[in-house]
Amino acid sequence: MIHLIIDTDFQMDVDDAGALAVAHALADDGVVSIRAVMLNTPSRWGAPALDIVNRACGRRLPIGTLPHSDESVPEPEYARSVVERFGEEPGAPVEDAVGLYRRLLSEAEPGSLTIVSIGFFDNLIALLDSAPDTHSSLSGADLVRSAVGRTLVMGGVFPEGREFNFVGDVALTRRLLMEWPLPIEFVGFETAAGMITGADLTRDRGSDDPVAHAYAVYNRGESGRDSWDPLTVFVAAHPGRFGWSHSGSVTIEQDGVNRFSADSEGSHRTLILPDADGAGVAAEIDGLLRRPNGSARVRYRGAS
């Protein structure tokens, strides 16, 4: 069983909603367990929207948030539309992301957790900087060394380029690349660009499904989306299946350009997904994403 913590910029791009739906489908199949979902943007609407999707998929999961929220996060803001349509539910299990990370890592068996980062790095750097507390006498970095077995990051363009998650805060990205105390596996922009999944979701998930609604709002219609984040979750759930580069080091310049350099002593590697494999992987991801929820449904305001 793969034990996932998903750290997402849910609300910035709808493939985050797709990734969460894929994770829930994999959990339904007994492939993964989702320990928590962390939100790495200050969106006021992100946490309640995450809770809506989690409940619709039959799980009310802990949600970790940044210390502050902001109602002025610019469009596209599909998370707000999800909340306005389906309504917030009292008692959402929301807490500070760093505290939630420290609690989960302190309770975990050594090396048992997989962190999947599909957004920015605010939470991960704050975790590294965290001091001993009531959850653990270990520093944040030592907690990561103890509890985390695998770290996957959707970010970067390889062998080089500029990518959204990396350029959101170049200083934080550089710190992650230099200071994360474990190896990192990168799913680059190029691996899933053009891998479209999630078209016409209302046909399979239904019009009263928040994931289908998010895709329709974001796309202003029923077209799908490139599969960067769903692919990262899918890869995390299937260790040993995919090919990777040789060991190396990922670096980033001040202008946001990242590069991968081969280095036998490096702690980074990048996903290699041959074109011949792309269509089959896309079909598998699309099948998970399209799966109707067999458990709890949420109802939007005004529904009968």
# chains A, B, ... in the order shown; residues from 1 in each chain; ligands from 1

call {"tool": "select_by_dssp", "arguments": {"residues": "range 71-280 of chain A", "states": "strand (DSSP E or B)", "output": "number ranges by chain"}}
result
A: 94-96, 113-118, 148-154, 160-161, 184-187, 196-197, 225-226, 243-244, 248-252, 258-262, 268-272

call {"tool": "select_by_dssp", "arguments": {"residues": "range 188-291 of chain A", "states": "alpha helix (DSSP H)", "output": "ChimeraX atom specification"}}
result
/A:189-192,201-205,210-219,228-236,275-290

call {"tool": "residues_around", "arguments": {"residues": "range 114-124 of chain A", "least_positions_apart": "4", "cutoff": "6 Å", "atoms": "only C-alpha atoms", "output": "PyMOL selection string"}}
result
chain A and resi 3-9+40+148-154+165+229

call {"tool": "closest_residue", "arguments": {"among": "A:Ser112, A:Tyr101, A:Val157, A:Thr173", "to": "Ser136 in chain A", "atoms": "only C-alpha atoms"}}
result
A:Tyr101

call {"tool": "closest_residue", "arguments": {"among": "A:Ser81, A:Arg290, A:Leu172, A:Gly240", "to": "Val217 in chain A", "atoms": "only C-alpha atoms"}}
result
A:Ser81

call {"tool": "residues_around", "arguments": {"residues": "Ile196 in chain A", "least_positions_apart": "5", "cutoff": "8 Å", "atoms": "only C-alpha atoms", "output": "PDB file with N, CA, C and O atoms, in the first residue's frame"}}
result
ATOM      1  N   GLY A 224     -11.025  18.564 -22.208  1.00  0.00           N
ATOM      2  CA  GLY A 224     -10.211  18.038 -21.122  1.00  0.00           C
ATOM      3  C   GLY A 224      -9.032  18.951 -20.814  1.00  0.00           C
ATOM      4  O   GLY A 224      -9.026  20.134 -21.159  1.00  0.00           O
ATOM      5  N   ARG A 225      -8.031  18.369 -20.173  1.00  0.00           N
ATOM      6  CA  ARG A 225      -6.868  19.156 -19.760  1.00  0.00           C
ATOM      7  C   ARG A 225      -5.628  18.274 -19.816  1.00  0.00           C
ATOM      8  O   ARG A 225      -5.707  17.054 -19.638  1.00  0.00           O
ATOM      9  N   ASP A 226      -4.471  18.908 -20.045  1.00  0.00           N
ATOM     10  CA  ASP A 226      -3.210  18.175 -19.968  1.00  0.00           C
ATOM     11  C   ASP A 226      -3.078  17.534 -18.585  1.00  0.00           C
ATOM     12  O   ASP A 226      -3.543  18.072 -17.577  1.00  0.00           O
ATOM     13  N   SER A 227      -2.367  16.410 -18.532  1.00  0.00           N
ATOM     14  CA  SER A 227      -2.458  15.517 -17.363  1.00  0.00           C
ATOM     15  C   SER A 227      -1.244  15.574 -16.444  1.00  0.00           C
ATOM     16  O   SER A 227      -0.865  14.568 -15.850  1.00  0.00           O
ATOM     17  N   ALA A 282      -2.341   7.523 -20.686  1.00  0.00           N
ATOM     18  CA  ALA A 282      -3.440   8.486 -20.708  1.00  0.00           C
ATOM     19  C   ALA A 282      -4.789   7.789 -20.585  1.00  0.00           C
ATOM     20  O   ALA A 282      -5.687   8.252 -19.872  1.00  0.00           O
TER      21      ALA A 282
END

call {"tool": "closest_residue", "arguments": {"among": "A:Val257, A:Ala92, A:Leu113, A:Cys57", "to": "Gly156 in chain A", "atoms": "only C-alpha atoms"}}
result
A:Val257

call {"tool": "residues_around", "arguments": {"residues": "Ser139 in chain A", "least_positions_apart": "5", "cutoff": "10 Å", "atoms": "only C-alpha atoms", "output": "short mmCIF file (atom, residue, chain, number, x, y, z; two decimals) with all heavy atoms, in the first residue's frame"}}
result
data_model
loop_
_atom_site.label_atom_id
_atom_site.label_comp_id
_atom_site.auth_asym_id
_atom_site.auth_seq_id
_atom_site.Cartn_x
_atom_site.Cartn_y
_atom_site.Cartn_z
N ARG A 102 3.79 17.58 10.50
CA ARG A 102 4.60 17.09 11.62
C ARG A 102 3.87 15.97 12.37
O ARG A 102 4.49 14.98 12.79
CB ARG A 102 4.96 18.23 12.57
CG ARG A 102 5.97 19.21 11.96
CD ARG A 102 6.46 20.22 13.00
NE ARG A 102 7.12 19.54 14.11
CZ ARG A 102 8.40 19.16 14.13
NH1 ARG A 102 9.18 19.40 13.09
NH2 ARG A 102 8.90 18.56 15.19
N LEU A 127 7.94 23.12 6.35
CA LEU A 127 8.16 21.88 7.09
C LEU A 127 9.64 21.71 7.40
O LEU A 127 10.01 21.38 8.54
CB LEU A 127 7.64 20.70 6.28
CG LEU A 127 8.00 19.30 6.79
CD1 LEU A 127 7.43 19.06 8.18
CD2 LEU A 127 7.50 18.23 5.81
N LEU A 128 10.51 21.92 6.41
CA LEU A 128 11.94 21.79 6.65
C LEU A 128 12.41 22.75 7.75
O LEU A 128 13.28 22.41 8.56
CB LEU A 128 12.73 22.08 5.38
CG LEU A 128 12.67 21.06 4.24
CD1 LEU A 128 13.63 21.47 3.13
CD2 LEU A 128 12.99 19.65 4.73
N ASP A 129 11.82 23.94 7.78
CA ASP A 129 12.23 24.96 8.75
C ASP A 129 11.61 24.76 10.13
O ASP A 129 11.98 25.47 11.07
CB ASP A 129 11.84 26.35 8.24
CG ASP A 129 12.67 26.80 7.05
OD1 ASP A 129 13.75 26.22 6.83
OD2 ASP A 129 12.23 27.72 6.34
N SER A 130 10.69 23.82 10.26
CA SER A 130 9.95 23.69 11.51
C SER A 130 10.83 23.12 12.62
O SER A 130 11.72 22.32 12.40
CB SER A 130 8.71 22.81 11.32
OG SER A 130 9.07 21.47 11.00
N ALA A 131 10.54 23.58 13.83
CA ALA A 131 11.30 23.19 15.01
C ALA A 131 10.59 22.08 15.76
O ALA A 131 9.41 21.79 15.52
CB ALA A 131 11.48 24.40 15.92
N PRO A 132 11.29 21.40 16.67
CA PRO A 132 10.63 20.40 17.52
C PRO A 132 9.39 20.98 18.20
O PRO A 132 9.36 22.16 18.57
CB PRO A 132 11.72 20.04 18.54
CG PRO A 132 13.00 20.30 17.81
CD PRO A 132 12.73 21.50 16.95
N ASP A 133 8.38 20.14 18.37
CA ASP A 133 7.13 20.59 18.99
C ASP A 133 6.52 19.43 19.75
O ASP A 133 7.19 18.43 20.05
CB ASP A 133 6.17 21.12 17.92
CG ASP A 133 5.82 20.08 16.86
OD1 ASP A 133 6.23 18.90 17.00
OD2 ASP A 133 5.12 20.43 15.90
N VAL A 144 11.43 14.45 7.98
CA VAL A 144 11.33 14.01 6.59
C VAL A 144 12.24 12.81 6.36
O VAL A 144 11.82 11.80 5.77
CB VAL A 144 11.70 15.17 5.64
CG1 VAL A 144 11.83 14.67 4.20
CG2 VAL A 144 10.65 16.27 5.72
N ARG A 145 13.47 12.89 6.84
CA ARG A 145 14.40 11.76 6.68
C ARG A 145 13.85 10.50 7.30
O ARG A 145 14.04 9.40 6.78
CB ARG A 145 15.75 12.10 7.33
CG ARG A 145 16.57 13.14 6.63
CD ARG A 145 17.96 13.24 7.23
NE ARG A 145 18.69 14.38 6.71
CZ ARG A 145 18.74 15.57 7.30
NH1 ARG A 145 18.11 15.74 8.46
NH2 ARG A 145 19.43 16.55 6.75
#

call {"tool": "closest_atom_pairs", "arguments": {"of": "range 88-152 of chain A", "to": "range 59-63 of chain A", "cutoff": "12 Å", "atoms": "only C-alpha atoms", "output": "CSV"}}
result
residue,atom,partner,partner_atom,distance
A:Glu89,CA,A:Arg60,CA,10.8
A:Pro90,CA,A:Arg60,CA,11.9
A:Gly91,CA,A:Arg60,CA,10.3
A:Ala92,CA,A:Arg60,CA,7.9
A:Pro93,CA,A:Pro62,CA,5.1
A:Val94,CA,A:Ile63,CA,4.8
A:Glu95,CA,A:Ile63,CA,6.3
A:Asp96,CA,A:Ile63,CA,8.2
A:Ala97,CA,A:Ile63,CA,7.4
A:Val98,CA,A:Ile63,CA,10.9
A:Gly99,CA,A:Ile63,CA,10.9
A:Leu100,CA,A:Pro62,CA,8.1
A:Tyr101,CA,A:Ile63,CA,10.1
A:Arg103,CA,A:Pro62,CA,11.3
A:Leu104,CA,A:Pro62,CA,10.2

call {"tool": "write_last_selection", "arguments": {"atoms": "N, CA and C atoms", "output": "short mmCIF file (atom, residue, chain, number, x, y, z; two decimals), in the first residue's frame"}}
result
data_model
loop_
_atom_site.label_atom_id
_atom_site.label_comp_id
_atom_site.auth_asym_id
_atom_site.auth_seq_id
_atom_site.Cartn_x
_atom_site.Cartn_y
_atom_site.Cartn_z
N GLU A 89 -19.46 22.65 3.98
CA GLU A 89 -20.01 21.77 5.01
C GLU A 89 -19.33 22.10 6.33
N PRO A 90 -20.11 22.30 7.41
CA PRO A 90 -19.48 22.59 8.71
C PRO A 90 -18.55 21.47 9.15
N GLY A 91 -17.56 21.87 9.92
CA GLY A 91 -16.68 20.87 10.53
C GLY A 91 -15.63 20.30 9.63
N ALA A 92 -15.26 21.03 8.57
CA ALA A 92 -14.20 20.53 7.69
C ALA A 92 -12.91 20.34 8.48
N PRO A 93 -12.21 19.23 8.28
CA PRO A 93 -11.00 18.92 9.07
C PRO A 93 -9.79 19.70 8.56
N VAL A 94 -9.79 21.01 8.78
CA VAL A 94 -8.75 21.89 8.27
C VAL A 94 -7.84 22.31 9.41
N GLU A 95 -6.53 22.27 9.17
CA GLU A 95 -5.55 22.70 10.16
C GLU A 95 -4.31 23.23 9.47
N ASP A 96 -3.43 23.81 10.24
CA ASP A 96 -2.18 24.34 9.70
C ASP A 96 -1.38 23.22 9.04
N ALA A 97 -0.89 23.49 7.82
CA ALA A 97 -0.22 22.44 7.05
C ALA A 97 1.03 21.93 7.75
N VAL A 98 1.83 22.81 8.32
CA VAL A 98 3.07 22.37 8.96
C VAL A 98 2.77 21.48 10.16
N GLY A 99 1.80 21.90 10.97
CA GLY A 99 1.43 21.07 12.11
C GLY A 99 0.90 19.72 11.69
N LEU A 100 0.09 19.70 10.62
CA LEU A 100 -0.45 18.44 10.12
C LEU A 100 0.67 17.56 9.57
N TYR A 101 1.59 18.15 8.81
CA TYR A 101 2.74 17.38 8.33
C TYR A 101 3.50 16.77 9.51
N ARG A 103 2.57 16.11 12.52
CA ARG A 103 1.82 15.04 13.21
C ARG A 103 1.84 13.76 12.40
N LEU A 104 1.55 13.85 11.11
CA LEU A 104 1.51 12.64 10.28
C LEU A 104 2.87 11.98 10.17
#

call {"tool": "closest_residue", "arguments": {"among": "A:Glu84, A:Asp209, A:Asp51, A:Glu160", "to": "Arg259 in chain A", "atoms": "only C-alpha atoms"}}
result
A:Glu160

call {"tool": "closest_residue", "arguments": {"among": "A:Ser261, A:Gly58, A:Asp16, A:Ser249", "to": "Asp28 in chain A", "atoms": "only C-alpha atoms"}}
result
A:Gly58

call {"tool": "residues_around", "arguments": {"residues": "Gly155 in chain A", "least_positions_apart": "3", "cutoff": "8 Å", "atoms": "only C-alpha atoms", "output": "list in words"}}
result
Ile118, Gly119, Glu163, Phe164, Asn165, Phe166, Phe186, Val187, Gly188 and Phe189 of chain A

call {"tool": "residues_around", "arguments": {"residues": "Val53 in chain A", "least_positions_apart": "4", "cutoff": "7 Å", "atoms": "only C-alpha atoms", "output": "PyMOL selection string"}}
result
chain A and resi 49+57+210-211
